[in-house]
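Note: the block below is my_file_14.pdb and it holds PDB, C-alpha atoms.
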```pdb
ATOM      1  CA  MET A 514       6.405  20.578  30.114
ATOM      2  CA  VAL A 515      10.183  20.815  29.707
ATOM      3  CA  GLU A 516      12.028  23.456  31.710
ATOM      4  CA  GLU A 517      14.157  25.847  29.656
ATOM      5  CA  VAL A 518      17.401  26.899  31.322
ATOM      6  CA  PRO A 519      19.211  30.101  30.278
ATOM      7  CA  PRO A 520      22.760  29.662  28.901
ATOM      8  CA  GLY A 521      24.330  31.552  31.819
ATOM      9  CA  GLU A 522      22.808  29.099  34.278
ATOM     10  CA  VAL A 523      24.103  26.153  32.246
ATOM     11  CA  GLU A 524      27.591  27.686  32.259
ATOM     12  CA  ALA A 525      27.487  28.212  36.041
ATOM     13  CA  LYS A 526      26.453  24.592  36.556
ATOM     14  CA  LEU A 527      29.298  23.433  34.301
ATOM     15  CA  ASP A 528      31.747  25.256  36.558
ATOM     16  CA  GLU A 529      30.326  23.312  39.495
ATOM     17  CA  ASP A 530      30.369  20.018  37.505
ATOM     18  CA  GLY A 531      26.695  19.711  38.332
ATOM     19  CA  VAL A 532      25.153  19.175  34.907
ATOM     20  CA  GLN A 533      25.391  16.763  32.001
ATOM     21  CA  VAL A 534      25.124  18.560  28.651
ATOM     22  CA  VAL A 535      23.791  16.586  25.688
ATOM     23  CA  ASP A 536      24.374  18.170  22.277
ATOM     24  CA  ILE A 537      21.902  16.760  19.725
ATOM     25  CA  ARG A 538      23.452  18.345  16.615
ATOM     26  CA  PRO A 539      25.085  16.221  13.887
ATOM     27  CA  PRO A 540      28.702  15.138  14.565
ATOM     28  CA  GLY A 541      30.148  17.657  12.065
ATOM     29  CA  ALA A 542      28.555  20.608  13.854
ATOM     30  CA  PHE A 543      29.633  19.197  17.224
ATOM     31  CA  GLU A 544      33.250  18.887  16.043
ATOM     32  CA  GLN A 545      33.306  22.526  14.895
ATOM     33  CA  GLY A 546      32.477  23.713  18.409
ATOM     34  CA  HIS A 547      30.478  22.604  21.426
ATOM     35  CA  ILE A 548      29.896  23.454  25.054
ATOM     36  CA  PRO A 549      32.876  22.194  27.097
ATOM     37  CA  GLY A 550      32.287  18.658  28.359
ATOM     38  CA  ALA A 551      29.191  18.081  26.226
ATOM     39  CA  THR A 552      28.280  14.635  24.953
ATOM     40  CA  ASN A 553      27.206  14.399  21.319
ATOM     41  CA  ILE A 554      24.121  12.258  20.737
ATOM     42  CA  PRO A 555      22.599  13.331  17.408
ATOM     43  CA  LEU A 556      18.814  13.626  17.578
ATOM     44  CA  SER A 557      18.392  10.928  14.921
ATOM     45  CA  GLU A 558      20.343   8.473  17.123
ATOM     46  CA  LEU A 559      18.882   9.449  20.485
ATOM     47  CA  PRO A 560      16.067   6.855  20.672
ATOM     48  CA  ARG A 561      18.448   3.930  20.207
ATOM     49  CA  ARG A 562      21.310   5.336  22.305
ATOM     50  CA  VAL A 563      19.527   6.758  25.344
ATOM     51  CA  ASP A 564      19.948   3.515  27.302
ATOM     52  CA  ASP A 565      23.731   3.547  26.668
ATOM     53  CA  TYR A 566      24.340   6.372  29.130
ATOM     54  CA  GLU A 567      24.615   6.770  32.857
ATOM     55  CA  TRP A 568      22.539   9.922  33.361
ATOM     56  CA  LYS A 569      23.482  12.489  35.994
ATOM     57  CA  ASP A 570      20.876  14.053  38.285
ATOM     58  CA  GLU A 571      20.645  17.050  35.975
ATOM     59  CA  VAL A 572      20.713  16.893  32.170
ATOM     60  CA  VAL A 573      20.504  19.854  29.787
ATOM     61  CA  VAL A 574      19.908  19.226  26.088
ATOM     62  CA  VAL A 575      21.315  21.698  23.545
ATOM     63  CA  CYS A 576      20.576  22.340  19.857
ATOM     64  CA  PRO A 577      21.123  25.274  17.470
ATOM     65  CA  VAL A 578      18.112  27.405  18.518
ATOM     66  CA  GLY A 579      16.491  25.689  21.504
ATOM     67  CA  GLN A 580      13.551  24.016  19.763
ATOM     68  CA  SER A 581      14.656  20.466  18.929
ATOM     69  CA  SER A 582      16.252  20.245  22.349
ATOM     70  CA  VAL A 583      12.826  20.555  23.988
ATOM     71  CA  GLN A 584      11.640  17.492  22.065
ATOM     72  CA  ALA A 585      14.856  15.603  22.848
ATOM     73  CA  ALA A 586      14.538  16.436  26.554
ATOM     74  CA  ARG A 587      10.998  14.999  26.537
ATOM     75  CA  LEU A 588      12.288  11.872  24.839
ATOM     76  CA  ILE A 589      15.112  11.365  27.354
ATOM     77  CA  ARG A 590      12.742  12.003  30.253
ATOM     78  CA  SER A 591      10.316   9.350  28.941
ATOM     79  CA  PHE A 592      12.795   6.454  28.929
ATOM     80  CA  GLU A 593      12.513   3.902  31.746
ATOM     81  CA  GLY A 594      16.293   3.871  32.282
ATOM     82  CA  VAL A 595      16.284   7.528  33.333
ATOM     83  CA  ASP A 596      15.741   7.894  37.073
ATOM     84  CA  GLU A 597      12.532   9.711  37.904
ATOM     85  CA  ASP A 598      14.505  12.147  40.094
ATOM     86  CA  THR A 599      16.639  13.199  37.110
ATOM     87  CA  THR A 600      15.920  16.718  35.863
ATOM     88  CA  VAL A 601      15.985  16.962  32.068
ATOM     89  CA  ALA A 602      15.835  20.477  30.603
ATOM     90  CA  SER A 603      16.510  22.344  27.364
ATOM     91  CA  MET A 604      18.929  25.257  27.054
ATOM     92  CA  ARG A 605      16.879  28.312  26.095
ATOM     93  CA  GLY A 606      17.954  29.799  22.771
ATOM     94  CA  GLY A 607      20.414  27.006  21.979
ATOM     95  CA  TYR A 608      23.826  27.805  20.568
ATOM     96  CA  GLN A 609      22.473  31.098  19.175
ATOM     97  CA  GLN A 610      22.377  32.389  22.760
ATOM     98  CA  TRP A 611      25.600  30.766  24.061
ATOM     99  CA  GLU A 612      28.211  33.496  24.488
ATOM    100  CA  SER A 613      31.104  31.630  26.107
ATOM    101  CA  ASP A 614      34.000  29.686  24.615
ATOM    102  CA  LEU A 615      33.418  26.407  22.830
ATOM    103  CA  GLU A 616      35.555  23.276  22.640
ATOM    104  CA  SER A 617      36.271  21.826  19.227
ATOM    105  CA  GLY A 618      37.070  18.334  18.035
ATOM    106  CA  PRO A 619      35.270  15.024  17.935
ATOM    107  CA  GLU A 620      35.755  13.961  21.543
ATOM    108  CA  SER A 621      33.129  14.425  24.185
ATOM    109  CA  ALA A 622      33.864  14.366  27.905
ATOM    110  CA  GLU A 623      32.813  10.703  28.131
ATOM    111  CA  GLU A 624      35.081   9.672  25.252
ATOM    112  CA  ARG A 625      38.098  11.276  26.957
ATOM    113  CA  ALA A 626      37.397   9.590  30.317
TER     114      ALA A 626
END
```

Have the structure of the file written as structure tokens, please.
Amino acid sequence: MVEEVPPGEVEAKLDEDGVQVVDIRPPGAFEQGHIPGATNIPLSELPRRVDDYEWKDEVVVVCPVGQSSVQAARLIRSFEGVDEDTTVASMRGGYQQWESDLESGPESAEERA
């Protein structure tokens, strides 16, 4: 079972730089606005791109309403390249429940680094 984390908890962890946010929406939606520091890996590309990333100890997957992100979190968790101590969760309610500011533009935190 995938843990579902409330948006407020995700935001608090962002302030502490303790979580890696993966946004699985299409690039156009990501560019219009996303959680600050999020990495965009569209769900359709996730299976072939999951090994391209250095995963933090805590990963939260985000989608529009919090349903597809549960499936994506399971997928990430199942890959051999993801450390078994890594926590992979879904943000409960997705972007519908996110109430804080969003970044816009095509760059993710990893692309700026």

Quick check on the file I pasted: which residues fall under the PyMOL selection byres ((chain A and resi 523) around 12)? Write them as a PDB file with C-alpha atoms, in the coordinates of the input.
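Here's the written file part-v8.pdb:
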```
ATOM      1  CA  GLU A 517      14.157  25.847  29.656  1.00  0.00           C
ATOM      2  CA  VAL A 518      17.401  26.899  31.322  1.00  0.00           C
ATOM      3  CA  PRO A 519      19.211  30.101  30.278  1.00  0.00           C
ATOM      4  CA  PRO A 520      22.760  29.662  28.901  1.00  0.00           C
ATOM      5  CA  GLY A 521      24.330  31.552  31.819  1.00  0.00           C
ATOM      6  CA  GLU A 522      22.808  29.099  34.278  1.00  0.00           C
ATOM      7  CA  GLU A 524      27.591  27.686  32.259  1.00  0.00           C
ATOM      8  CA  ALA A 525      27.487  28.212  36.041  1.00  0.00           C
ATOM      9  CA  LYS A 526      26.453  24.592  36.556  1.00  0.00           C
ATOM     10  CA  LEU A 527      29.298  23.433  34.301  1.00  0.00           C
ATOM     11  CA  ASP A 528      31.747  25.256  36.558  1.00  0.00           C
ATOM     12  CA  GLU A 529      30.326  23.312  39.495  1.00  0.00           C
ATOM     13  CA  ASP A 530      30.369  20.018  37.505  1.00  0.00           C
ATOM     14  CA  GLY A 531      26.695  19.711  38.332  1.00  0.00           C
ATOM     15  CA  VAL A 532      25.153  19.175  34.907  1.00  0.00           C
ATOM     16  CA  GLN A 533      25.391  16.763  32.001  1.00  0.00           C
ATOM     17  CA  VAL A 534      25.124  18.560  28.651  1.00  0.00           C
ATOM     18  CA  VAL A 535      23.791  16.586  25.688  1.00  0.00           C
ATOM     19  CA  ILE A 548      29.896  23.454  25.054  1.00  0.00           C
ATOM     20  CA  PRO A 549      32.876  22.194  27.097  1.00  0.00           C
ATOM     21  CA  GLY A 550      32.287  18.658  28.359  1.00  0.00           C
ATOM     22  CA  ALA A 551      29.191  18.081  26.226  1.00  0.00           C
ATOM     23  CA  GLU A 571      20.645  17.050  35.975  1.00  0.00           C
ATOM     24  CA  VAL A 572      20.713  16.893  32.170  1.00  0.00           C
ATOM     25  CA  VAL A 573      20.504  19.854  29.787  1.00  0.00           C
ATOM     26  CA  VAL A 574      19.908  19.226  26.088  1.00  0.00           C
ATOM     27  CA  VAL A 575      21.315  21.698  23.545  1.00  0.00           C
ATOM     28  CA  ALA A 602      15.835  20.477  30.603  1.00  0.00           C
ATOM     29  CA  SER A 603      16.510  22.344  27.364  1.00  0.00           C
ATOM     30  CA  MET A 604      18.929  25.257  27.054  1.00  0.00           C
ATOM     31  CA  ARG A 605      16.879  28.312  26.095  1.00  0.00           C
ATOM     32  CA  GLY A 606      17.954  29.799  22.771  1.00  0.00           C
ATOM     33  CA  GLY A 607      20.414  27.006  21.979  1.00  0.00           C
ATOM     34  CA  TYR A 608      23.826  27.805  20.568  1.00  0.00           C
ATOM     35  CA  GLN A 610      22.377  32.389  22.760  1.00  0.00           C
ATOM     36  CA  TRP A 611      25.600  30.766  24.061  1.00  0.00           C
ATOM     37  CA  GLU A 612      28.211  33.496  24.488  1.00  0.00           C
ATOM     38  CA  SER A 613      31.104  31.630  26.107  1.00  0.00           C
TER      39      SER A 613
END
```

Next item on the list: Return the single residue from A:Gln580, A:Thr552, A:Ser591, A:Thr600 that is closest to Glu516 of chain A, with distances computed using all atoms listed in the file.
Entry: A:Thr600

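Reported to one decimal place, the separation of atom CA of Cys576 of chain A from atom CA of Val595 of chain A is 20.5 Å.
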
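Reported to one decimal place, the separation of atom CA of Ile554 of chain A from atom CA of Ser617 of chain A is 15.5 Å.
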
Checklist line | Selected residue, from A:Val578, A:Ala542, A:Val583, A:Ile537, that lies nearest to Leu615 of chain A when counting only C-alpha atoms | finding: A:Ala542

Margin query: If I take atom CA of Arg562 of chain A and atom CA of Phe592 of chain A, how far is one from the other in Å, to one decimal?
Written below: 10.8 Å

Checklist line | Residue list as an MDAnalysis selection string for point (32.0, 19.3, 18.9), cut-off 6 Å, only C-alpha atoms | finding: chainID A and resid 543:547 617:619

What would the selection look like, as an mmCIF file with C-alpha atoms, keeping the file's coordinate frame, if the PyMOL selection byres ((chain A and resi 594) around 10) were run on the coordinates I just shared?
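Below is the file expr-v2.cif, written as the result:
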```
data_model
loop_
_atom_site.group_PDB
_atom_site.id
_atom_site.type_symbol
_atom_site.label_atom_id
_atom_site.label_comp_id
_atom_site.auth_asym_id
_atom_site.auth_seq_id
_atom_site.Cartn_x
_atom_site.Cartn_y
_atom_site.Cartn_z
ATOM 1 C CA VAL A 563 19.527 6.758 25.344
ATOM 2 C CA ASP A 564 19.948 3.515 27.302
ATOM 3 C CA ASP A 565 23.731 3.547 26.668
ATOM 4 C CA TYR A 566 24.340 6.372 29.130
ATOM 5 C CA GLU A 567 24.615 6.770 32.857
ATOM 6 C CA TRP A 568 22.539 9.922 33.361
ATOM 7 C CA ILE A 589 15.112 11.365 27.354
ATOM 8 C CA ARG A 590 12.742 12.003 30.253
ATOM 9 C CA SER A 591 10.316 9.350 28.941
ATOM 10 C CA PHE A 592 12.795 6.454 28.929
ATOM 11 C CA GLU A 593 12.513 3.902 31.746
ATOM 12 C CA VAL A 595 16.284 7.528 33.333
ATOM 13 C CA ASP A 596 15.741 7.894 37.073
ATOM 14 C CA GLU A 597 12.532 9.711 37.904
#
```

Checklist line | Shortest interatomic distance to Asp570 of chain A - which of A:Val601, A:Arg587, A:Pro555, A:Glu616, counting all atoms listed in the file | finding: A:Val601

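Counting all atoms listed in the file and comparing A:Thr599, A:Gln584, A:Gln609, A:Ser557, the residue that lies closest to Met514 of chain A is A:Gln584.
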
Next item on the list: Go through A:Leu559, A:Leu588, A:Asp614, A:Pro577 and flag the residue nearest Arg538 of chain A, using only C-alpha atoms for the distances.
Entry: A:Pro577

First collect every listed atom of segment 534-548 of chain A; then fit an axis-aligned box around them, widen it by 8 Å on each side, and give centre and edge lengths in Å to one decimal, as lines of an AutoDock Vina configuration file.
```
center_x = 27.6
center_y = 19.4
center_z = 20.4
size_x = 27.4
size_y = 24.6
size_z = 32.6
```
